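**Student:** The structure that follows is given in the form of structure tokens.
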Amino acid sequence: MARKKSLDEGPVLRDLILERASVLFHERGYSATSIRDLADAVGISSSTMYHHFTNKQEVLHAIVSRFMTDFVDATVPVLRDAALPPAERVRRVVRLHLELSDDRRPELLVGNPIRYALDPAQQAEGIKLQTAYHDAFRDVLAEGVAAGEFRIDDVTVTTMAVLDMLNGLREWFTPSGRLTREALVAQYTALVERMLGR
């Protein structure tokens with residue numbers, strides 16, 4: 001007797017669910033996407049879907065958590081790498097931030113509608129990850145000021161301004177547009193350096 005696909009391909013199927021769900025949430029919106037839609041997109045039954053996730057909110061949380069964990073794991077070690085000068089750490093993280101945002105655009109399910117769809121514990125987990133990145137970025141700017149590499153009047157405000165600019169990429173950049181991604185990285189890096197008084 002053949003075993004259920006959900007049991008044979010548990011982790012693989014779970015990843016496929018998250019991949020397809022992120023695209024549907026990105027294209028249609030979280031509220032307009034049902035569990036049935038998610039199951040259909042993966043080619044499974046709703047009951048198989050429930051074998052992996054108890055509800056749609058849990059799917060959303062898994063997408064957001066996976067992306068933010070990967071993002072923090074990629075960026076924070078670079079920002080905290082004392083072997084590199086602060087300016088080099090910032091340059092590397094600007095590139096990482098932009099590349100991850102572009103490569104995994106459907107997973108960038110952010111904003112108040114998404115945040116409010118999560119329960120308080122899930123929201124707190126997301127805020128903790130955001131804070132880890134924000135604090136590491138702020139700290140490297142403060143190090144750069146102390147080392148004479150940056151000329152910044154207000155490190156906290158500058159941190160928010162730079163991160164807002166980098167996060168804004170997801171709202172307008174398209175690979176088929178006027179700028180290549182590499183050109184965008186170069187321009188954003190130059191803009192950030194000017195903001196930091198380089």
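Each chain in the structure tokens gets a letter, A, B, ..., in the order shown, and its residues are numbered from 1; ligands are numbered from 1 in order too.
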Running DSSP on the backbone, which parts of stretch 25-192 of chain A land in helix (DSSP H, G or I), as number ranges by chain?
**Tutor:** A: 25-28, 35-42, 46-52, 56-79, 86-103, 105-107, 112-117, 120-146, 155-167, 169-172, 181-192
**Student:** With 12 Å as the cut-off and only C-alpha atoms counted, what is the closest atom pair between each nearby residue of stretch 38-95 of chain A and stretch 104-109 of chain A? Distances in Å to one decimal, ordered by chain and number, as a Markdown table.
**Tutor:**
| residue | atom | partner | partner_atom | distance |
| --- | --- | --- | --- | --- |
| A:Val59 | CA | A:Glu107 | CA | 11.6 |
| A:Leu60 | CA | A:Leu109 | CA | 8.4 |
| A:His61 | CA | A:Leu109 | CA | 9.9 |
| A:Ala62 | CA | A:Glu107 | CA | 10.2 |
| A:Ile63 | CA | A:Glu107 | CA | 6.4 |
| A:Val64 | CA | A:Leu109 | CA | 6.6 |
| A:Ser65 | CA | A:Glu107 | CA | 9.8 |
| A:Arg66 | CA | A:Glu107 | CA | 8.9 |
| A:Phe67 | CA | A:Glu107 | CA | 6.5 |
| A:Met68 | CA | A:Leu108 | CA | 8.9 |
| A:Thr69 | CA | A:Glu107 | CA | 11.9 |
| A:Asp70 | CA | A:Arg104 | CA | 10.6 |
| A:Phe71 | CA | A:Arg104 | CA | 10.1 |
**Student:** Create the file for the chosen residues now, containing C-alpha atoms and written as a PDB file, in the first residue's frame.
**Tutor:**
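The new file part.pdb reads:
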ATOM      1  CA  VAL A  59       1.781  29.224   6.975  1.00  0.00           C
ATOM      2  CA  LEU A  60       2.239  32.996   7.030  1.00  0.00           C
ATOM      3  CA  HIS A  61       4.294  32.823  10.201  1.00  0.00           C
ATOM      4  CA  ALA A  62       6.533  30.102   8.720  1.00  0.00           C
ATOM      5  CA  ILE A  63       7.200  32.223   5.609  1.00  0.00           C
ATOM      6  CA  VAL A  64       7.971  35.389   7.535  1.00  0.00           C
ATOM      7  CA  SER A  65      10.061  33.579  10.148  1.00  0.00           C
ATOM      8  CA  ARG A  66      12.115  31.649   7.598  1.00  0.00           C
ATOM      9  CA  PHE A  67      12.905  34.744   5.532  1.00  0.00           C
ATOM     10  CA  MET A  68      13.745  36.951   8.493  1.00  0.00           C
ATOM     11  CA  THR A  69      15.893  34.275  10.135  1.00  0.00           C
ATOM     12  CA  ASP A  70      17.843  33.745   6.908  1.00  0.00           C
ATOM     13  CA  PHE A  71      18.180  37.515   6.456  1.00  0.00           C
TER      14      PHE A  71
END
**Student:** Can you tell me which residues surround stretch 11-23 of chain A at a distance of at most 12 Å, considering only C-alpha atoms, apart from same-chain residues fewer than 2 positions away, and format the answer as a ChimeraX atom specification?
**Tutor:** /A:4-9,25-30,32-46,48-53,56-67,104-110,114
**Student:** Taking only C-alpha atoms into account, produce a table as a tab-separated table in which each residue of stretch 124-160 of chain A with an atom at most 12 Å from an atom of stretch 76-100 of chain A appears once, together with its shortest atom pair and the distance in Å to one decimal, ordered by chain and rising number.
**Tutor:**
residue	atom	partner	partner_atom	distance
A:Leu129	CA	A:Val76	CA	10.1
A:Gln130	CA	A:Val76	CA	10.6
A:Thr131	CA	A:Val76	CA	10.7
A:Ala132	CA	A:Val76	CA	7.4
A:Tyr133	CA	A:Val76	CA	5.9
A:His134	CA	A:Val76	CA	9.1
A:Asp135	CA	A:Val76	CA	9.2
A:Ala136	CA	A:Leu79	CA	5.9
A:Phe137	CA	A:Leu79	CA	6.4
A:Arg138	CA	A:Leu79	CA	9.4
A:Asp139	CA	A:Leu79	CA	8.3
A:Val140	CA	A:Pro86	CA	5.7
A:Leu141	CA	A:Pro86	CA	7.0
A:Ala142	CA	A:Pro86	CA	8.9
A:Glu143	CA	A:Pro86	CA	6.6
A:Gly144	CA	A:Pro86	CA	5.2
A:Val145	CA	A:Pro86	CA	9.0
A:Ala146	CA	A:Pro86	CA	10.1
A:Ala147	CA	A:Pro86	CA	8.4
A:Gly148	CA	A:Pro86	CA	10.0
A:Glu149	CA	A:Ala87	CA	6.9
A:Phe150	CA	A:Ala87	CA	7.9
A:Arg151	CA	A:Ala87	CA	11.6
A:Thr159	CA	A:Val90	CA	11.1
**Student:** Kindly export the residues of the current selection with C-alpha atoms, as a PDB file, in the first residue's frame.
**Tutor:**
ATOM      1  CA  LEU A 129      14.678  39.503  14.459  1.00  0.00           C
ATOM      2  CA  GLN A 130      14.123  43.008  13.067  1.00  0.00           C
ATOM      3  CA  THR A 131      15.670  44.478  16.191  1.00  0.00           C
ATOM      4  CA  ALA A 132      18.761  42.263  15.899  1.00  0.00           C
ATOM      5  CA  TYR A 133      19.424  43.632  12.402  1.00  0.00           C
ATOM      6  CA  HIS A 134      18.568  47.230  13.305  1.00  0.00           C
ATOM      7  CA  ASP A 135      20.796  47.186  16.379  1.00  0.00           C
ATOM      8  CA  ALA A 136      23.735  45.643  14.508  1.00  0.00           C
ATOM      9  CA  PHE A 137      23.409  48.281  11.782  1.00  0.00           C
ATOM     10  CA  ARG A 138      23.172  51.107  14.321  1.00  0.00           C
ATOM     11  CA  ASP A 139      26.181  49.766  16.209  1.00  0.00           C
ATOM     12  CA  VAL A 140      28.374  49.608  13.112  1.00  0.00           C
ATOM     13  CA  LEU A 141      27.464  53.221  12.305  1.00  0.00           C
ATOM     14  CA  ALA A 142      28.395  54.244  15.843  1.00  0.00           C
ATOM     15  CA  GLU A 143      31.708  52.375  15.471  1.00  0.00           C
ATOM     16  CA  GLY A 144      32.343  54.177  12.201  1.00  0.00           C
ATOM     17  CA  VAL A 145      31.737  57.555  13.832  1.00  0.00           C
ATOM     18  CA  ALA A 146      34.073  56.690  16.713  1.00  0.00           C
ATOM     19  CA  ALA A 147      36.742  55.564  14.237  1.00  0.00           C
ATOM     20  CA  GLY A 148      36.397  58.741  12.161  1.00  0.00           C
ATOM     21  CA  GLU A 149      35.097  56.842   9.114  1.00  0.00           C
ATOM     22  CA  PHE A 150      31.603  58.363   9.212  1.00  0.00           C
ATOM     23  CA  ARG A 151      30.353  61.879   9.900  1.00  0.00           C
ATOM     24  CA  THR A 159      20.083  54.088  10.793  1.00  0.00           C
TER      25      THR A 159
END
**Student:** Report, in Å to a single decimal, how far apart atom CA of A:Lys128 and atom CA of A:Arg194 are.
**Tutor:**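 Between atom CA of A:Arg194 and atom CA of A:Lys128 the gap works out to 29.3 Å.
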**Student:** Between atom CA of A:Ala183 and atom CA of A:Met195, measure the distance and give it in Å to one decimal.
**Tutor:**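 Atom CA of A:Met195 lies at a distance of 18.4 Å from atom CA of A:Ala183.
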**Student:** Report, in Å with one decimal, the straight-line distance from atom CA of A:Val192 to atom CA of A:Asp102.
**Tutor:** 18.2 Å
